[in-house]
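Shown next: protein03.cif, containing mmCIF, C-alpha atoms.
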```cif
data_structure
#
loop_
_atom_site.label_atom_id
_atom_site.label_comp_id
_atom_site.auth_asym_id
_atom_site.auth_seq_id
_atom_site.Cartn_x
_atom_site.Cartn_y
_atom_site.Cartn_z
CA MET A 1 -19.00 36.03 -24.11
CA GLU A 2 -20.87 38.93 -25.60
CA ILE A 3 -21.15 42.32 -23.94
CA VAL A 4 -24.54 43.90 -24.59
CA PRO A 5 -23.92 47.61 -25.22
CA GLY A 6 -25.90 50.23 -23.34
CA GLY A 7 -28.24 49.56 -20.47
CA GLU A 8 -25.51 50.39 -18.00
CA VAL A 9 -26.93 51.10 -14.53
CA LEU A 10 -24.94 52.81 -11.77
CA LEU A 11 -25.19 51.25 -8.33
CA SER A 12 -24.51 52.83 -4.97
CA ASN A 13 -22.27 51.04 -2.47
CA PHE A 14 -25.38 50.50 -0.34
CA GLU A 15 -27.09 48.55 -3.13
CA VAL A 16 -24.02 46.40 -3.77
CA LEU A 17 -23.83 45.67 -0.04
CA GLN A 18 -27.46 44.46 -0.09
CA ILE A 19 -26.88 42.29 -3.19
CA LEU A 20 -23.82 40.68 -1.59
CA LYS A 21 -25.65 40.04 1.67
CA GLU A 22 -28.51 38.37 -0.25
CA SER A 23 -26.11 36.20 -2.24
CA GLN A 24 -24.75 34.93 1.07
CA SER A 25 -28.01 33.22 2.00
CA PHE A 26 -28.66 32.04 -1.57
CA SER A 27 -25.48 30.17 -2.47
CA GLY A 28 -25.18 27.93 0.53
CA GLY A 29 -22.52 25.72 -1.06
CA LYS A 30 -24.98 23.24 -2.55
CA HIS A 31 -22.72 22.63 -5.54
CA GLY A 32 -19.53 22.41 -3.57
CA LYS A 33 -17.35 25.52 -3.08
CA ASP A 34 -19.10 28.88 -3.19
CA PRO A 35 -17.57 30.78 -6.16
CA LEU A 36 -18.38 34.13 -4.54
CA ALA A 37 -16.61 33.44 -1.22
CA THR A 38 -13.41 35.45 -1.86
CA ILE A 39 -14.82 38.46 -3.66
CA ARG A 40 -17.73 38.72 -1.22
CA TYR A 41 -15.46 38.61 1.82
CA GLU A 42 -13.08 41.22 0.36
CA THR A 43 -15.83 43.58 -0.76
CA LEU A 44 -17.68 43.33 2.56
CA GLU A 45 -14.37 44.01 4.33
CA TYR A 46 -14.04 47.21 2.24
CA PHE A 47 -17.61 48.26 3.04
CA LYS A 48 -16.96 47.83 6.79
CA ARG A 49 -15.05 51.12 6.71
CA SER A 50 -17.61 52.76 4.42
CA PRO A 51 -20.64 54.90 5.42
CA CYS A 52 -22.94 52.58 3.41
CA ASN A 53 -22.79 50.08 6.27
CA VAL A 54 -25.21 52.14 8.38
CA GLN A 55 -27.43 53.52 5.60
CA ASN A 56 -31.00 52.42 4.88
CA GLU A 57 -33.49 52.98 2.07
CA GLU A 58 -35.37 55.65 3.98
CA CYS A 59 -32.41 57.95 4.62
CA ILE A 60 -31.31 57.62 0.98
CA LYS A 61 -34.81 58.63 -0.23
CA ASN A 62 -34.69 61.61 2.13
CA LEU A 63 -31.32 62.67 0.76
CA VAL A 64 -32.52 62.41 -2.86
CA HIS A 65 -35.38 64.72 -1.94
CA ALA A 66 -33.25 67.16 0.06
CA LEU A 67 -30.55 67.55 -2.62
CA LYS A 68 -32.97 67.97 -5.53
CA PRO A 69 -32.70 71.79 -5.67
CA TYR A 70 -28.93 71.59 -6.26
CA LYS A 71 -29.35 69.77 -9.61
CA LEU A 72 -26.52 67.30 -9.08
CA THR A 73 -25.75 64.70 -11.74
CA ASN A 74 -26.42 61.03 -10.99
CA LYS A 75 -22.72 60.30 -10.60
CA GLU A 76 -22.26 63.21 -8.22
CA PHE A 77 -25.18 62.15 -6.06
CA LEU A 78 -23.93 58.57 -5.83
CA SER A 79 -20.40 59.76 -5.02
CA ILE A 80 -21.83 61.86 -2.19
CA LEU A 81 -23.89 58.95 -0.92
CA ASN A 82 -20.86 56.63 -0.99
CA ALA A 83 -18.42 59.06 0.61
CA ARG A 84 -20.71 61.02 3.02
CA PRO A 85 -18.54 64.18 3.05
CA THR A 86 -18.73 66.15 6.30
CA ALA A 87 -16.80 69.28 5.28
CA PRO A 88 -16.89 71.48 2.14
CA ALA A 89 -13.25 70.50 1.48
CA ASP A 90 -14.33 66.84 1.35
CA LEU A 91 -17.32 67.63 -0.87
CA ALA A 92 -15.46 69.67 -3.54
CA PRO A 93 -13.57 66.77 -5.19
CA LEU A 94 -16.84 64.85 -5.61
CA LEU A 95 -18.44 67.57 -7.73
CA ASN A 96 -16.99 67.38 -11.23
CA GLU A 97 -19.71 69.01 -13.28
CA SER A 98 -21.75 71.11 -10.84
CA GLU A 99 -18.70 72.74 -9.25
CA ASP A 100 -18.89 75.87 -11.36
CA HIS A 101 -22.43 76.93 -10.52
CA MET A 102 -22.07 76.07 -6.84
CA THR A 103 -21.47 78.86 -4.30
CA ASP A 104 -19.69 78.41 -0.96
CA GLU A 105 -23.05 78.73 0.82
CA ASN A 106 -24.51 75.93 -1.35
CA MET A 107 -21.61 73.68 -0.44
CA ALA A 108 -22.00 74.43 3.27
CA ASP A 109 -25.76 73.74 3.02
CA ILE A 110 -25.22 70.41 1.26
CA VAL A 111 -22.68 69.29 3.86
CA GLN A 112 -25.12 70.32 6.62
CA LEU A 113 -27.96 68.31 4.98
CA ILE A 114 -25.74 65.26 4.56
CA SER A 115 -24.71 65.14 8.20
CA GLU A 116 -28.35 65.64 9.27
CA ILE A 117 -29.84 62.94 7.02
CA LEU A 118 -27.19 60.23 6.63
CA PRO A 119 -26.22 58.39 9.82
CA ALA A 120 -22.58 58.71 10.93
CA PRO A 121 -20.47 55.60 10.37
CA LYS A 122 -19.52 53.66 13.49
CA MET B 123 -18.28 52.98 -8.64
CA PHE B 124 -20.19 49.78 -9.21
CA THR B 125 -22.38 49.33 -12.27
CA LEU B 126 -24.74 46.73 -13.70
CA ARG B 127 -23.73 45.43 -17.12
CA THR B 128 -25.63 43.09 -19.42
CA PHE B 129 -23.86 40.07 -20.92
CA LYS B 130 -24.81 37.12 -23.15
CA MET B 131 -23.07 33.82 -22.71
CA VAL B 132 -23.53 30.12 -23.44
CA VAL B 133 -23.74 28.23 -20.15
CA LYS B 134 -23.06 24.52 -19.95
CA ILE B 135 -25.14 22.57 -17.41
CA GLU B 136 -23.70 19.15 -16.69
CA PRO B 137 -26.09 16.17 -16.57
CA ARG B 138 -25.42 15.65 -12.84
CA LEU B 139 -27.22 18.97 -12.22
CA PHE B 140 -30.33 18.12 -14.29
CA GLY B 141 -32.31 17.03 -11.24
CA LYS B 142 -31.49 20.26 -9.37
CA ASN B 143 -33.02 23.70 -9.68
CA ARG B 144 -32.01 24.98 -13.15
CA ASN B 145 -31.87 28.67 -12.25
CA GLU B 146 -29.61 27.96 -9.31
CA ALA B 147 -27.33 25.85 -11.48
CA ILE B 148 -27.08 28.67 -14.04
CA ALA B 149 -26.34 31.25 -11.33
CA THR B 150 -23.58 29.08 -9.86
CA GLU B 151 -22.05 28.48 -13.31
CA LEU B 152 -22.04 32.21 -14.11
CA ASN B 153 -20.48 33.09 -10.78
CA LYS B 154 -17.84 30.37 -11.21
CA LYS B 155 -16.91 31.83 -14.61
CA LEU B 156 -16.98 35.53 -13.73
CA ALA B 157 -16.75 36.34 -10.01
CA ASN B 158 -13.48 38.12 -9.14
CA LYS B 159 -12.40 38.17 -12.81
CA VAL B 160 -11.63 41.12 -15.03
CA VAL B 161 -13.50 41.50 -18.31
CA ILE B 162 -11.38 43.58 -20.71
CA ASN B 163 -12.78 47.09 -21.20
CA VAL B 164 -15.61 46.42 -18.75
CA GLY B 165 -14.11 46.03 -15.26
CA LEU B 166 -13.84 43.69 -12.30
CA CYS B 167 -16.83 41.34 -11.99
CA ILE B 168 -18.28 41.08 -8.48
CA CYS B 169 -21.46 38.96 -8.47
CA LEU B 170 -24.54 38.00 -10.51
CA TYR B 171 -27.48 40.41 -10.24
CA ASP B 172 -30.17 38.65 -12.26
CA VAL B 173 -30.79 36.43 -15.30
CA THR B 174 -33.08 38.15 -17.79
CA ASP B 175 -33.37 35.49 -20.51
CA ILE B 176 -32.65 31.78 -20.84
CA GLY B 177 -32.57 30.37 -24.37
CA VAL B 178 -33.46 26.88 -25.58
CA ALA B 179 -31.14 24.10 -24.39
CA HIS B 180 -28.90 22.63 -27.12
CA LEU B 181 -27.16 19.29 -27.20
CA ILE B 182 -23.76 18.87 -28.81
CA PRO B 183 -22.76 15.44 -30.18
CA GLY B 184 -20.56 13.59 -27.72
CA ASP B 185 -21.50 15.81 -24.78
CA GLY B 186 -24.40 15.07 -22.44
CA SER B 187 -24.55 18.61 -21.08
CA ALA B 188 -27.25 21.15 -21.89
CA HIS B 189 -25.93 24.33 -23.54
CA LEU B 190 -28.09 27.39 -22.92
CA LYS B 191 -27.67 30.92 -24.22
CA VAL B 192 -28.27 33.10 -21.18
CA THR B 193 -28.71 36.88 -20.97
CA PHE B 194 -27.88 38.23 -17.53
CA ARG B 195 -26.88 41.31 -15.57
CA TYR B 196 -23.72 41.34 -13.49
CA VAL B 197 -22.41 43.74 -10.83
CA VAL B 198 -19.13 45.16 -12.13
CA PHE B 199 -16.60 47.45 -10.45
CA CYS B 200 -15.49 50.05 -12.97
CA PRO B 201 -14.87 53.59 -11.78
CA PHE B 202 -15.42 56.47 -14.21
CA LYS B 203 -12.73 59.03 -15.03
CA GLU B 204 -12.55 61.80 -12.42
CA GLU B 205 -14.33 59.66 -9.81
CA THR B 206 -13.08 60.26 -6.26
CA ILE B 207 -12.55 57.10 -4.18
CA GLU B 208 -11.06 56.45 -0.76
CA GLY B 209 -8.69 53.54 -0.21
CA LYS B 210 -5.75 52.44 1.91
CA VAL B 211 -2.06 52.84 1.04
CA LYS B 212 -0.73 49.36 0.36
CA LEU B 213 2.85 50.28 -0.37
CA CYS B 214 5.06 53.22 -1.33
CA ASP B 215 7.96 52.79 -3.74
CA SER B 216 9.88 54.82 -6.30
CA GLU B 217 7.14 54.10 -8.87
CA GLY B 218 4.57 55.88 -6.74
CA ILE B 219 1.89 55.20 -4.14
CA HIS B 220 0.09 51.85 -4.47
CA VAL B 221 -3.47 51.91 -3.14
CA SER B 222 -5.77 49.03 -2.19
CA LEU B 223 -9.56 48.84 -1.92
CA THR B 224 -9.32 45.35 -0.31
CA PHE B 225 -11.15 43.70 -3.24
CA PHE B 226 -9.09 45.58 -5.84
CA ASP B 227 -5.37 46.26 -5.51
CA ASP B 228 -4.03 47.56 -8.81
CA ILE B 229 -4.24 51.29 -8.22
CA ILE B 230 -1.16 53.46 -8.62
CA ILE B 231 -0.52 57.15 -8.05
CA PRO B 232 2.62 57.98 -10.08
CA PRO B 233 4.86 60.90 -8.92
CA MET B 234 3.63 63.12 -11.78
CA HIS B 235 0.11 62.99 -10.31
CA MET B 236 1.14 63.94 -6.75
CA GLN B 237 1.19 67.34 -5.11
CA CYS B 238 4.22 69.33 -6.17
CA PRO B 239 6.94 69.21 -4.82
CA SER B 240 6.79 65.63 -3.53
CA LYS B 241 9.76 63.38 -2.85
CA PHE B 242 10.27 59.71 -2.06
CA ASN B 243 11.93 58.84 1.24
CA GLU B 244 13.69 55.58 0.54
CA ALA B 245 14.74 54.84 4.14
CA GLN B 246 11.19 54.96 5.44
CA SER B 247 9.34 53.99 2.24
CA THR B 248 7.13 57.05 2.35
CA TRP B 249 6.16 59.79 -0.06
CA VAL B 250 6.44 63.30 1.33
CA TRP B 251 4.70 66.42 0.05
CA LEU B 252 6.71 69.51 0.99
CA TYR B 253 3.92 72.01 1.52
CA LYS B 254 4.82 75.67 1.90
CA VAL B 255 2.28 77.82 3.68
CA ASP B 256 3.87 80.83 1.95
CA PRO B 257 6.81 80.87 -0.48
CA GLU B 258 9.44 82.04 2.09
CA SER B 259 8.54 79.72 4.97
CA GLU B 260 10.06 76.34 5.79
CA PRO B 261 8.14 73.55 4.06
CA VAL B 262 5.81 71.39 6.15
CA GLU B 263 6.27 67.67 5.58
CA MET B 264 3.03 65.91 4.66
CA VAL B 265 3.83 62.22 4.83
CA VAL B 266 2.04 59.36 3.05
CA GLU B 267 2.90 55.95 4.49
CA LYS B 268 1.68 52.37 4.35
CA GLY B 269 -1.73 51.87 5.97
CA ASP B 270 -2.92 55.50 5.61
CA ASP B 271 -6.42 56.24 4.32
CA ILE B 272 -6.04 58.10 1.04
CA ARG B 273 -8.50 59.84 -1.28
CA PHE B 274 -7.70 59.86 -4.99
CA LYS B 275 -9.22 60.76 -8.33
CA VAL B 276 -9.25 58.33 -11.25
CA VAL B 277 -7.19 59.58 -14.22
CA GLU B 278 -7.13 56.55 -16.47
CA LEU B 279 -8.23 52.93 -16.66
CA GLU B 280 -5.72 50.53 -18.23
CA PHE B 281 -6.82 47.15 -19.54
CA ASN B 282 -4.28 44.54 -20.64
CA ASP B 283 -5.06 41.30 -22.35
CA THR B 284 -3.13 38.82 -20.20
CA THR B 285 -4.16 35.61 -21.98
CA PRO B 286 -0.96 33.70 -22.71
CA LYS B 287 0.07 33.93 -26.35
CA PRO B 288 1.68 31.03 -28.23
CA ALA B 289 4.97 32.93 -28.47
CA ASP B 290 5.26 33.10 -24.67
CA GLN B 291 5.54 29.33 -24.39
CA THR B 292 8.76 28.97 -26.33
CA ALA B 293 11.80 28.47 -24.11
CA GLY B 294 13.78 31.61 -23.47
CA ALA B 295 10.96 33.98 -24.41
CA ILE B 296 11.10 37.31 -22.63
CA LEU B 297 7.91 38.05 -20.76
CA ASP B 298 6.77 41.60 -20.41
CA THR B 299 5.90 41.58 -16.69
CA SER B 300 4.67 45.16 -16.74
CA LYS B 301 1.58 43.86 -18.49
CA ASP B 302 0.70 41.11 -16.02
CA THR B 303 -2.21 43.00 -14.44
CA PRO B 304 -5.36 42.85 -16.54
CA PHE B 305 -6.89 46.02 -15.08
CA ARG B 306 -5.01 48.94 -13.55
CA ILE B 307 -6.19 52.34 -12.35
CA ILE B 308 -3.92 55.37 -12.69
CA ALA B 309 -4.91 57.91 -10.05
CA LYS B 310 -3.97 61.42 -8.93
CA ILE B 311 -3.86 63.30 -5.62
CA SER B 312 -2.74 66.63 -7.05
CA GLU B 313 -5.93 68.59 -6.35
CA SER B 314 -7.28 70.22 -3.23
CA GLY B 315 -9.29 67.83 -1.07
CA LEU B 316 -7.34 64.81 -2.33
CA GLY B 317 -4.62 62.87 -0.52
CA LEU B 318 -4.90 62.10 3.19
CA PRO B 319 -8.19 63.41 4.64
CA SER B 320 -6.22 64.89 7.58
CA TRP B 321 -4.40 67.28 5.21
CA TRP B 322 -7.56 69.21 4.52
CA ASN B 323 -9.59 68.96 7.70
CA GLN B 324 -7.30 71.19 9.76
CA GLU B 325 -7.06 73.70 6.97
CA ALA B 326 -10.73 74.05 6.12
CA ASP B 327 -10.55 77.75 7.02
CA ASP B 328 -7.84 78.45 4.46
CA ALA B 329 -9.85 77.08 1.57
CA GLU B 330 -9.02 80.04 -0.65
CA GLU B 331 -5.32 79.72 -0.05
CA GLU B 332 -5.49 76.08 -1.00
CA GLU B 333 -7.10 76.91 -4.28
CA GLU B 334 -4.32 79.35 -5.11
CA GLU B 335 -1.82 76.72 -4.09
CA ASP B 336 -3.61 74.29 -6.32
CA ALA B 337 -3.48 76.60 -9.31
CA MET B 338 0.26 76.93 -8.75
CA ASP B 339 0.61 73.16 -8.60
CA VAL B 340 -0.98 72.80 -11.98
CA ASP B 341 1.59 75.18 -13.42
CA GLN B 342 4.45 73.33 -11.78
CA GLU B 343 3.22 69.88 -12.59
CA GLU B 344 5.05 69.70 -15.87
CA ASP B 345 8.33 70.35 -14.10
CA CYS B 346 8.17 67.31 -11.87
#
```

What is this structure when it is put down as structure tokens?
Amino acid sequence: MEIVPGGEVLLSNFEVLQILKESQSFSGGKHGKDPLATIRYETLEYFKRSPCNVQNEECIKNLVHALKPYKLTNKEFLSILNARPTAPADLAPLLNESEDHMTDENMADIVQLISEILPAPK
Amino acid sequence: MFTLRTFKMVVKIEPRLFGKNRNEAIATELNKKLANKVVINVGLCICLYDVTDIGVAHLIPGDGSAHLKVTFRYVVFCPFKEETIEGKVKLCDSEGIHVSLTFFDDIIIPPMHMQCPSKFNEAQSTWVWLYKVDPESEPVEMVVEKGDDIRFKVVELEFNDTTPKPADQTAGAILDTSKDTPFRIIAKISESGLGLPSWWNQEADDAEEEEEEDAMDVDQEEDC
């Protein structure tokens, strides 16, 4: 097998959840055993405890818009989306590159925006 | 974090599938080959995303199957260095804290990447961080045990080629069992905000103190 370099795309947990859910209806075991059965079950089990379970496209678009002024990197934004931090102490480890130019007020504002826009996990 | 990676591969479609939908047959073949498998230096393969190109079918003498060169994108789990992830403690032993993400189990936090000073409690199989609010006070025991939610940062990704080598098959050969996991994540909890979420929630007010504490930990890390 050949690995094509470049063209790497980051996915949020929410997107992976949607892909796995779609694959469920697609591979209905027409060719015998479903090769995705184990990995799908285990990954969905992991997502059950994750905030992505209650997210939807609309709230993610709103968050992209709301966090624009803070100039986060792609990785940082996706980490925030996946983890849904609710306190500045939870947010700090997710910011690897923007940490230095971020004030305490910025952090508090971001946490506030996150809890307003992203639904709380059940 | 999950990523999409592009691969090229020759897929063999057996004659019994010729009457069926070709795209479906290719998708099933690709998932059979890759789902839940580790590709060295790429990560753990989860599921097929899409097929972007299907080449011309080739026949090979003596084989009735169609061989197609397929370009496709696959969902792969491969965290980046410094990524923060939350998992569950699977087991604590003298090697460190083993963490599981349900679909991926080979994550280890070695003692050198824990808060300092930390010690292993053999009787209870727990790791304990002896946290001192100030240098003179009695240390508070912050316990990590099996089943706890734990937040960690990725330090290093280790890939091992586990394909059996000819030498391994000779009788009496010594197998290096430390290399039996194809993909392992070395993680750390030695920064503020990492470890059990409950460690930091109660102390949100003392954020500054934590940072000082953290700076001290970095200095002490080499000692442990």

**Message:** Only residues of chain B matter here; which ones have an atom within 8 Å of chain A, counting all atoms listed in the file? Give them as a PyMOL selection string.
**Reply:** chain B and resi 123-132+150+153-154+157-158+168-169+171+197+204-208+223-225+313-316+319+322-323+326+329

**Message:** I'd like to see the residues matched by the PyMOL selection byres ((chain B and resi 159-164) around 7) on this file, and ideally I'd get them as a list in words.
**Reply:**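 For this structure, the PyMOL selection byres ((chain B and resi 159-164) around 7) resolves to Leu156, Ala157, Asn158, Gly165, Leu166, Cys167, Cys200, Phe281, Asp283, Pro304 and Phe305 of chain B.
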
Written file, previous selection with C-alpha atoms, as an mmCIF file, keeping the file's coordinate frame:
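again.cif, written as the output of this step:
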```
data_model
loop_
_atom_site.group_PDB
_atom_site.id
_atom_site.type_symbol
_atom_site.label_atom_id
_atom_site.label_comp_id
_atom_site.auth_asym_id
_atom_site.auth_seq_id
_atom_site.Cartn_x
_atom_site.Cartn_y
_atom_site.Cartn_z
ATOM 1 C CA LEU B 156 -16.980 35.530 -13.730
ATOM 2 C CA ALA B 157 -16.750 36.340 -10.010
ATOM 3 C CA ASN B 158 -13.480 38.120 -9.140
ATOM 4 C CA GLY B 165 -14.110 46.030 -15.260
ATOM 5 C CA LEU B 166 -13.840 43.690 -12.300
ATOM 6 C CA CYS B 167 -16.830 41.340 -11.990
ATOM 7 C CA CYS B 200 -15.490 50.050 -12.970
ATOM 8 C CA PHE B 281 -6.820 47.150 -19.540
ATOM 9 C CA ASP B 283 -5.060 41.300 -22.350
ATOM 10 C CA PRO B 304 -5.360 42.850 -16.540
ATOM 11 C CA PHE B 305 -6.890 46.020 -15.080
#
```

**Request:** Determine, counting only C-alpha atoms, which protein, DNA and RNA residues have an atom within 9 Å of an atom of Arg84 (chain A); residues of the same chain fewer than 6 positions away are not included. Present the result as a VMD selection string.
**Result:** chain A and resid 50 to 52 90 to 91 111 114 to 115 118 120

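Rounded to one decimal, CA of Ile148 (chain B) and CA of Thr303 (chain B) lie 28.7 Å from each other.
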
**Request:** Using the chain letters and numbers from the file, give me the residues hit by the PyMOL selection byres ((chain B and resi 246) around 12), as number ranges by chain.
**Result:** B: 213-216, 241-245, 247-250, 265-268

**Prompt:** Do you have the CA of Phe199 (chain B)-CA of Leu170 (chain B) distance handy?
**Reply:** 12.3 Å

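Picked out by the PyMOL selection byres ((chain A and resi 59-69) around 9) when it runs on this file: Gln55, Asn56, Glu57, Glu58, Tyr70, Lys71, Leu72, Phe77, Leu81, Ile110, Leu113, Ile114, Ile117, Leu118 and Pro119 of chain A.
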
Writing out the chosen residues with C-alpha atoms as a short mmCIF file (atom, residue, chain, number, x, y, z; two decimals), in the coordinates of the input:
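As written to disk, again.cif reads:
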```cif
data_model
loop_
_atom_site.label_atom_id
_atom_site.label_comp_id
_atom_site.auth_asym_id
_atom_site.auth_seq_id
_atom_site.Cartn_x
_atom_site.Cartn_y
_atom_site.Cartn_z
CA GLN A 55 -27.43 53.52 5.60
CA ASN A 56 -31.00 52.42 4.88
CA GLU A 57 -33.49 52.98 2.07
CA GLU A 58 -35.37 55.65 3.98
CA TYR A 70 -28.93 71.59 -6.26
CA LYS A 71 -29.35 69.77 -9.61
CA LEU A 72 -26.52 67.30 -9.08
CA PHE A 77 -25.18 62.15 -6.06
CA LEU A 81 -23.89 58.95 -0.92
CA ILE A 110 -25.22 70.41 1.26
CA LEU A 113 -27.96 68.31 4.98
CA ILE A 114 -25.74 65.26 4.56
CA ILE A 117 -29.84 62.94 7.02
CA LEU A 118 -27.19 60.23 6.63
CA PRO A 119 -26.22 58.39 9.82
#
```

**Message:** Please report the interatomic distance between CA of His101 (chain A) and CA of His235 (chain B) in Å with one decimal.
**Reply:**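 CA of His235 (chain B) lies 26.5 Å from CA of His101 (chain A).
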
**Message:** What's around Asp228 (chain B) at 8 Å? Count all atoms listed in the file, leave out sequence neighbours fewer than 2 positions away in its own chain, and write the answer as a VMD selection string.
**Reply:** chain B and resid 220 to 222 226 230 303 305 to 307
